[in-house]
Each structure stands twice: as C-alpha cells, then as structure tokens.
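**Student:** Here you go, one structure.
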Amino acid sequence: LLKWNEVRYRKKGLPPGTMGWPVFGETTEFLKQGPNFMKNQRARYGSFFKSHILGCPTIVSMDPDINRYVLMNEAKGLVPGYPQSMLDILGKCNIAAVHGSTHRYMRGALLSLVSSTMIRDQLLPKIDHFLRSHLSNWDSSTIDIQEKTKEMALLSSLKQIAGIESGPMSEEFMPEFFKLVLGTLSLPIDLPGTNYRRGLQARKNIISMLRKLIEERKASMETHDHRDMLSSLMRSDENRQKLTDEEIIDQIITILYSGYETVSTTSMMAVKYLHDHPKVLQQLREEHLEIRGRKRPEDPIEWDDFKSMSFTRAVIYETSRLATIVNGVLRKTTQDMELNGFVIPKGWRIYIYTREMNYNPYLYPDPLVFNPWRWLDKSQESINNNLMFGGGTRQCPGKELGVAEISTFLHYFVIRYRWEEVGGDKLMKFPRVEAPYGLHIRVQNLY
Ligand code: HEM
C-alpha cells in the first residue's frame, strides 16, 4: 500500500517527500513524533517537501523566501487553508473564510477596532479595569494558572467587545465558547456526541446570545453613547461599508477566537518561564515597580506606561519564540501553480511551518535558552524571518492588542504576587502548547 501510494503521487514536478499510507498519510507519525518528524523530513528532503498530513496532501515549507512569497500572494491563488471544521464553526463571514475584496473590507473593519488609538483611548482602560479585579484575591491560594489565563483572555475580550462584566451573561457564554473552540479542532463528523456536533450547537447558542445583544444595542443606541467594539461595528461611516448583522456576529466570533488561545497560552508560558528564571523576573518586576512608583495605586495603566514596558515586551516575544505558541500557518492552492520550480496541484495545502525558524541558531544564538534581552534591539522584531504573528496580507491585526493585554496582566501579577509551582504538572509543547491537567501555582502577596 505504501509503495502504491508513493507511485500514485509520483507525478512529475512535485517536490520530494513521502506520502505515507492511503487516506491516513503520515498523520500518525506527524502527531506522534511532532517536531522531530519535520526535522527528519527536512534533513532528507530539504526545506520544501511533500507529505500527507491531517487529511490532505500538503507541501511543508520552511524556506524563508518561499514563505514570504506565499504569504504575500493570496491573489495568485494561495488562500487560507484551515480545516473544514474550523470554517464551519467560525462561520462563512469569518476572516479566514473570505478572500479578495471581502477580506479587505472585513479586515479593514477589524483593524479600525484594534488600532493604536483605539487601544489607547478605549481598550486599555477596559483591560486595566478587568485585570485589576480578575487578579485580586489570589493571595494564599493554589490556582491553576492555565485556567485563569484562559478565563482572562475570554472575559477581557467580552468586556472590550460589549462592556460585558463577569456575571450571568459571561457565565452563560463561557462554556459555550469552550465547546466552540473544541469543535474547531475536531474532525468534521456530524454525529451525536462528537465535538464537532457540540461545536456547531455552541455556535448556534452563541449566535442567539449575540443577536439578542445586537437587538438590545439597536434599541439603546439613540439614547446611550456606547464606546465599545460592538457599537463601532454597528456604526457606519463614510470610509467603511456597513456590516450586516451576520457579518458583525462572525467578526465578534473571530476576535474572540483569534485572541483566545494565543493570549492565554503566551501568558501562562510567561508565568512558567519567569518562575524558572529569577533574574528575568527580577528585572521585569523592577520595570513594573518603577511604573507603579510614578502612579497612585488606583491609577490605571495608560498608553505611555505600556509603551515604556520595553523589557516586558521582550519577555513576551521570547516566550512566544521559545514556547512556539503558533507552529505555523496554513494556505491552500485554488489552482495548479508553480512554486519554487515545482508544480503544486490545485487544492493542496501549504504548511508554512515556522517552528524550526524559532530555534535557528543563526537568528537566535543559543536558541534553547530563555533570553529576553535578545529582543531589546527592536529591529529583531521586524526581521523578515520572524513569523510569530504571521506575515503578508494576513499578518495578525491583533498583535499590539495581544501584547497590551499580556503586558497589563504581567504588570498586576508581578507587582502583587510571588509564586511557586506546586510541581508535577505535565506540559505539552506539541501539537499545541498546553498543560493537560492544568499548571498549578501557590500564590502569595508580595507585601
Ligand atoms: C500573542 C497573541 C497573538 C498571536 C501569537 C497571534 C498570532 C497570529 C498569527 C500567526 C496569525 C496569522 C494567521 C495566518 O496567516 O493564517 C494571526 C492572524 C490573526 N489574528 Fe492574531 N495573534 C495574537 C493575538 C490576536 C488578538 C488579541 C486578536 C484579536 C483581535 C487577533 C486577531 C487575529 C485575526 C483576526 C487574524 C486573521 C487576519 C487575517 O486573516 O487577515 N490575534 N494571528
């Protein structure tokens, strides 16, 4: 079977590589060996090879020039290639599901919500207000920091989107959202009891909650001057086409989904690395105590404070690099096309696998060492090979917002608490960074 499968794919013009078993391909090896599978294939076939993983024939690219080309050339037929379950559950107006001019205007609407001015004037005050209370009362207790950072990412987004405070609405929303996330990561099998079916149901429930919210908002817009993402999405202005209710709902789900695991996992891993590197923690704490020293205890973190957190920013980038929060991004071809001298058939996935780049010793000397100081030279952030936030026409629009959230979290966490790990928790790095049974820490007030 293996041989037959190789022969089947032995078309002229395809890159080197192996295709594994019919139907299953090399998914088992990929999931079992993880990063080593990629390393081995790269050693045998170079930085551009074919495989069959996660249900699709796939070209894996670790070549910086090709990666840049693919990310910059969506118009030539290199569109997002995320799994069907993700597209079904996130909705057809979701940003990953739309291309061309629709993508441009959905992205434009989103960018105006998370611009620097918006972060400064509207979002940072909300993030600050939320985190102050979220991080209170952790003293003298053992907490699961994974759970806390997940709640934080979701609840802080709900507050920014529609001013929703922790309470009955968010409590109703949270379990549905968690089911939605699980559904997007499952096989698209629509049978009772599957995560996919649960995810679809959760989407329906979330839509009806958001619809209700939109109706209430429509009724109160005349009399109230709401200042949040929802009211900006509902307003039309001369530069921007008005979004339909359906587009607004999918846009909200996009914001919640994209900022959820990325922000929560980076925050959790920052806590982990800070615990393991006391010198880094000390310098980070000094940065935050200095900022607090300039303010009264009740003063919120403001834009200038955030901008002055250069070491914090370096810690966040280093955490993102070393933990590899995002392994790569997926595209698919909409037609047969030539790439790097090979012919890639229509419908194949292109996996821009960025993990290896994060550990490249030429880019990051001593790549396995947690060394935030390497990011203090700001030009490091913008080097072309750095794809931690993607690149090209779909580069992460929420990057600054994400960094602002994590920075504010770290501010209150390190000035209020010292902590130690309970120990014994398992931490997985692949295929996703997660602590399967939680990451437990004992927290104590610093003063
Ligand atoms: C540490 C935090 C974050 C990381 C590491 C991260 C990473 C990424 C990456 C790698 C991509 C590229 C995906 C691709 O090319 O297919 C991306 C896209 C995206 N991110 Fe983020 N992200 C973060 C935070 C956020 C936040 C807070 C938001 C909320 C607004 C957000 C919204 C988005 C959206 C909407 C896209 C798709 C853009 C498009 O298709 O045009 N991200 N992000």
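Quick note on naming: the chains in the structure tokens go A, B, ... in the order shown, residues restart at 1 in each chain, and ligands are numbered from 1 in order of appearance.
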Which residues sit within 7 Å of ligand 1, counting only C-alpha atoms and all ligand atoms, listed as a ChimeraX atom specification?
**Tutor:** /A:80,95-96,103,107,114,254-256,258-259,262-263,266,320,325-326,328-330,387-391,393-399,401-403
**Student:** Listing only residues of segment 243-335 of chain A within 10 Å of segment 179-188 of chain A, what is the closest atom pair and its distance in Å (to one decimal) for each, using only C-alpha atoms, sorted by chain and residue number ascending, as a tab-separated table?
**Tutor:**
```
residue	atom	partner	partner_atom	distance
A:Ile253	CA	A:Leu180	CA	9.8
A:Tyr257	CA	A:Val181	CA	7.4
A:Tyr260	CA	A:Val181	CA	9.3
A:Glu261	CA	A:Val181	CA	9.2
```
**Student:** Tell me which protein, DNA and RNA residues are within 10 Å of segment 337-347 of chain A, counting only C-alpha atoms, leaving out same-chain ones fewer than 6 positions away, and put them as a CSV table (one decimal) with N, CA and C atoms, in the first residue's frame.
**Tutor:**
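Contents of selection_6.csv, as written:
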```csv
chain,number,residue,atom,x,y,z
A,11,LYS,N,4.0,12.0,-9.6
A,11,LYS,CA,3.8,12.9,-10.8
A,11,LYS,C,5.1,13.7,-11.0
A,12,LYS,N,5.3,14.0,-12.2
A,12,LYS,CA,6.5,14.9,-12.5
A,12,LYS,C,6.2,16.2,-11.9
A,13,GLY,N,7.2,16.8,-11.3
A,13,GLY,CA,7.0,18.2,-10.9
A,13,GLY,C,6.7,18.4,-9.5
A,14,LEU,N,6.3,17.3,-8.7
A,14,LEU,CA,6.0,17.5,-7.3
A,14,LEU,C,7.4,17.6,-6.5
A,15,PRO,N,7.4,18.3,-5.4
A,15,PRO,CA,8.6,18.3,-4.6
A,15,PRO,C,8.9,16.9,-4.0
A,16,PRO,N,10.2,16.7,-3.5
A,16,PRO,CA,10.5,15.4,-2.9
A,16,PRO,C,9.7,15.2,-1.6
A,48,PHE,N,11.6,22.2,1.5
A,48,PHE,CA,10.4,22.3,0.8
A,48,PHE,C,10.0,20.9,0.3
A,50,LYS,N,7.0,17.4,0.2
A,50,LYS,CA,5.6,17.0,0.2
A,50,LYS,C,5.3,15.9,1.3
A,56,CYS,N,-4.9,15.8,4.3
A,56,CYS,CA,-4.7,16.4,3.0
A,56,CYS,C,-3.3,16.3,2.5
A,57,PRO,N,-3.2,16.2,1.2
A,57,PRO,CA,-1.8,16.3,0.6
A,57,PRO,C,-1.3,17.7,0.9
A,58,THR,N,-0.1,17.7,1.4
A,58,THR,CA,0.5,19.0,2.0
A,58,THR,C,1.9,19.2,1.5
A,59,ILE,N,2.2,20.5,1.2
A,59,ILE,CA,3.6,20.9,1.0
A,59,ILE,C,4.0,21.6,2.2
A,63,ASP,N,11.2,27.4,4.0
A,63,ASP,CA,12.1,28.3,3.3
A,63,ASP,C,11.7,29.7,3.4
A,65,ASP,N,12.2,32.6,1.9
A,65,ASP,CA,11.8,33.3,0.7
A,65,ASP,C,10.5,32.8,0.2
A,66,ILE,N,10.3,31.5,0.2
A,66,ILE,CA,9.0,30.9,-0.3
A,66,ILE,C,7.9,31.3,0.6
A,69,TYR,N,6.8,34.7,-0.1
A,69,TYR,CA,6.1,34.8,-1.4
A,69,TYR,C,4.7,34.3,-1.2
A,70,VAL,N,4.5,33.1,-0.5
A,70,VAL,CA,3.2,32.6,-0.3
A,70,VAL,C,2.3,33.5,0.5
A,76,LYS,N,-2.8,35.4,-6.1
A,76,LYS,CA,-2.4,34.4,-7.1
A,76,LYS,C,-3.0,33.0,-6.8
A,77,GLY,N,-3.8,32.9,-5.8
A,77,GLY,CA,-4.5,31.6,-5.5
A,77,GLY,C,-3.9,30.9,-4.4
A,78,LEU,N,-3.4,31.6,-3.4
A,78,LEU,CA,-2.8,31.0,-2.2
A,78,LEU,C,-3.6,31.5,-1.0
A,81,GLY,N,-5.9,27.9,4.4
A,81,GLY,CA,-6.2,26.5,4.2
A,81,GLY,C,-6.6,25.8,5.5
A,331,ARG,N,-2.1,27.5,4.2
A,331,ARG,CA,-2.7,28.0,3.0
A,331,ARG,C,-3.1,26.8,2.1
```
**Student:** Determine, counting only C-alpha atoms, which protein, DNA and RNA residues have an atom within 8 Å of an atom of Gly438 of chain A; residues of the same chain fewer than 5 positions away are not included. Present the result as a list in words.
**Tutor:**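 Listed by chain and then number, they are Asp144, Ile145, Gln146, Glu147, Asp425 and Lys426 of chain A.
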**Student:** Among segment 278-433 of chain A, which residues does DSSP mark as strand (DSSP E or B) when it is run on the backbone? Keep the chain and numbering as in the structure and answer as a CSV table (one decimal) with C-alpha atoms, in the first residue's frame.
**Tutor:**
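Below is the file that was written, part_7.csv:
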```csv
chain,number,residue,atom,x,y,z
A,328,GLY,CA,2.8,27.7,11.5
A,329,VAL,CA,0.1,28.9,9.2
A,330,LEU,CA,-1.9,27.1,6.5
A,331,ARG,CA,-2.7,28.0,3.0
A,332,LYS,CA,-4.2,26.1,0.1
A,333,THR,CA,-3.9,26.4,-3.7
A,337,MET,CA,0.6,26.5,-9.7
A,338,GLU,CA,4.4,26.7,-10.0
A,339,LEU,CA,6.2,27.3,-6.8
A,342,PHE,CA,7.7,22.6,-8.7
A,343,VAL,CA,4.1,22.2,-9.8
A,344,ILE,CA,1.7,22.2,-6.9
A,349,ARG,CA,-2.3,22.6,1.5
A,350,ILE,CA,0.8,24.6,2.0
A,351,TYR,CA,2.0,24.4,5.6
A,352,ILE,CA,4.3,27.3,6.4
A,353,TYR,CA,6.0,25.6,9.3
A,388,MET,CA,5.3,34.6,15.2
A,390,GLY,CA,2.2,35.7,10.6
A,417,TYR,CA,2.3,38.4,43.9
A,418,ARG,CA,5.2,36.0,44.3
A,419,TRP,CA,4.5,32.4,43.4
A,420,GLU,CA,5.9,28.9,43.2
A,421,GLU,CA,4.9,25.9,41.2
A,428,MET,CA,2.9,19.6,26.4
```
**Student:** Could you pull out all residues of segment 169-230 of chain A with a DSSP call of alpha helix (DSSP H) and give them as a count of residues only?
**Tutor:** 44
**Student:** Restricting the calculation to only C-alpha atoms, which member of A:Val79, A:Leu1, A:Ile415, A:Met229 is positioned closest to Trp348 of chain A?
**Tutor:** A:Val79
**Student:** For atom CA of Glu6 of chain A and atom CA of Arg355 of chain A, determine how far apart the two atoms are, in Å to one decimal place.
**Tutor:**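 Value for the atom CA of Glu6 of chain A-atom CA of Arg355 of chain A distance: 27.0 Å.
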**Student:** Mind checking which residues fall within 9 Å of Val433 of chain A, counting only C-alpha atoms, ignoring those fewer than 3 positions away in the same chain, and posting them as a VMD selection string?
**Tutor:** chain A and resid 265 269 323 to 326 427 to 430
**Student:** List as JSON, numbers by chain the protein and nucleic acid residues near segment 368-378 of chain A, meaning an atom at most 6 Å away when only C-alpha atoms are counted, but skip any in the same chain fewer than 3 places from it.
**Tutor:** {"A": [314, 315, 318, 381]}
**Student:** Measure the distance from atom CA of Trp4 of chain A to atom CA of Pro22 of chain A in Å and round it to one decimal.
**Tutor:** 8.6 Å
**Student:** Provide the atom CA of Arg285 of chain A to atom CA of Met268 of chain A distance in Å, to one decimal place.
**Tutor:**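 Calculated distance between atom CA of Arg285 of chain A and atom CA of Met268 of chain A is 16.8 Å.
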**Student:** May I have the residues within 8 Å of Asp250 of chain A as an mmCIF file with C-alpha atoms, in the first residue's frame, using only C-alpha atoms and disregarding those fewer than 4 positions away in the same chain?
**Tutor:**
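Once everything was written out, this is around_37.cif:
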```cif
data_model
loop_
_atom_site.group_PDB
_atom_site.id
_atom_site.type_symbol
_atom_site.label_atom_id
_atom_site.label_comp_id
_atom_site.auth_asym_id
_atom_site.auth_seq_id
_atom_site.Cartn_x
_atom_site.Cartn_y
_atom_site.Cartn_z
ATOM 1 C CA LEU A 90 -16.436 30.035 12.877
ATOM 2 C CA GLY A 91 -18.890 30.998 10.141
ATOM 3 C CA LYS A 92 -18.793 31.869 6.481
ATOM 4 C CA CYS A 93 -18.052 35.558 7.098
ATOM 5 C CA ASN A 94 -15.130 34.619 9.349
ATOM 6 C CA GLU A 246 -24.368 38.250 10.263
ATOM 7 C CA THR A 254 -13.294 35.947 15.001
#
```
**Student:** So, counting only C-alpha atoms, which residue among A:Pro436, A:Tyr412, A:His224, A:Leu233 is closest to Leu289 of chain A?
**Tutor:**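 So, comparing all the options, the nearest one is A:Tyr412.
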